[in-house]
Amino acid sequence: MANPGYGKRSALDQRPRTPRDFALLPTRERYVAGFIDHLPEGAAMSVKQLAKQLPLYGQQAVSSALTALSVAGHLRRVRCPVGAGDEMRWVFRTFWSRTARDNEWWTTYLATETATQAAGPEPEATTPPPPWVPEEEPPPAPEDPGPEQGHESTAVPQQRTPDQAPDAEPAPPDPDAVPAAPQAPEAGPSTAYLVLARLGRSDHRLALSAADCAALEAQAAEWLARGVSVDYLTSALTAGLPAQIDFPVGLLRRRLTDKLPPRLPAEDTAPDSPAPTVRRILMECTECGRPGQPEALPDGLCRPCRTTHQPPTTEAAEAADVKARMADLRGLLRDV
């Protein structure tokens, strides 16, 4: 068996096993295909591991058989990423189909596998409790002996408050009394007001009265509304002061107006959710292992390997027959 995540993966929609499976393949390919078809899911599919289990063929013969099975449409080798972040790794899988498939089918199937991996696992549904768990029953109601049992109902006596005498009765409420409205807590000074009020403690030349702080509060609040901090506002109002200040409220009003910072767009404080990573499956050339898209590897082979394994064309075969025929004719003429 291969490591978790690697190895054999069976494709969908295969017909059931029959004694005539792989009957059209050559003997070696039919033998290797029958062995692979009976391997469990996740079995090791490397050439070396398969050759260890097949006594009739070595590694080179198994490699050639896998290439022929890829051309016949029975298998595709792929690479796909698993994990996330620094823990992501590439795993190698071999998709196997007992039923021979064409290139279009394999391209569509691998694209579906890519979409399934990008979507991630589906959330688990909430399972109902097992049938043997008893439902919660309401507590049993106290038994009412009823009048037929001859018992009288006993009323619970009211408890007396500590500040009343034992024989004192509480005064009835006055129906004409209007309940007093709850008093709201007094709101404290705003942050802008406090910044202005503390300027005089930082520098006595900027001492402001309560009326001056109230007059400049709206302008200072506009600074804070534009995203500046309290330290930034204090530094902007106290930096580079002249040696003598006769009218501090006028100086601060002018600075609050002239140095008003620009309004920046509000930043989204919510944590950015990472963009989903589209994990595309890369198919491998069955012969040399070169990765590529399924569309670029018809029959599971790259272009150089596909050219090497291409059968001779009819024109090439006819040209070889013509050359052989001409050689025979030249030999006959020499004999004459």
# chains A, B, ... in the order shown; residues from 1 in each chain; ligands from 1
$ residues_around --residues "A:Ile245" --least-positions-apart "6" --cutoff "9 Å" --atoms "only C-alpha atoms" --output "PyMOL selection string"
chain A and resi 205-206+251
$ closest_residue --among "A:Leu69, A:Cys213, A:Val91, A:Ala23" --to "A:Gly5" --atoms "only C-alpha atoms"
A:Val91
$ closest_residue --among "A:Gly58, A:Pro189, A:Gly289, A:Pro262" --to "A:Cys302" --atoms "only C-alpha atoms"
A:Gly289
$ residues_around --residues "A:Pro40" --least-positions-apart "6" --cutoff "12 Å" --atoms "only C-alpha atoms" --output "list in words"
Met1, Ala2, Gly7, Lys8, Arg9, Ser10 and Trp96 of chain A
$ closest_residue --among "A:Thr99, A:Gln49, A:Gln60, A:Thr67" --to "A:Ala11" --atoms "only C-alpha atoms"
A:Thr99
$ atom_distance --atom1 "atom CA of A:Ser97" --atom2 "atom CA of A:Leu110"
12.7 Å
$ select_by_dssp --residues "stretch 75-110 of chain A" --states "alpha helix (DSSP H)" --output "list in words"
Asn103, Glu104, Trp105, Trp106, Thr107, Thr108, Tyr109 and Leu110 of chain A
$ atom_distance --atom1 "atom CA of A:Arg290" --atom2 "atom CA of A:Cys305"
9.9 Å
$ residues_around --residues "A:Pro81" --least-positions-apart "5" --cutoff "8 Å" --atoms "only C-alpha atoms" --output "list in words"
Met88, Arg89, Trp90, Val91, Arg279 and Ile281 of chain A
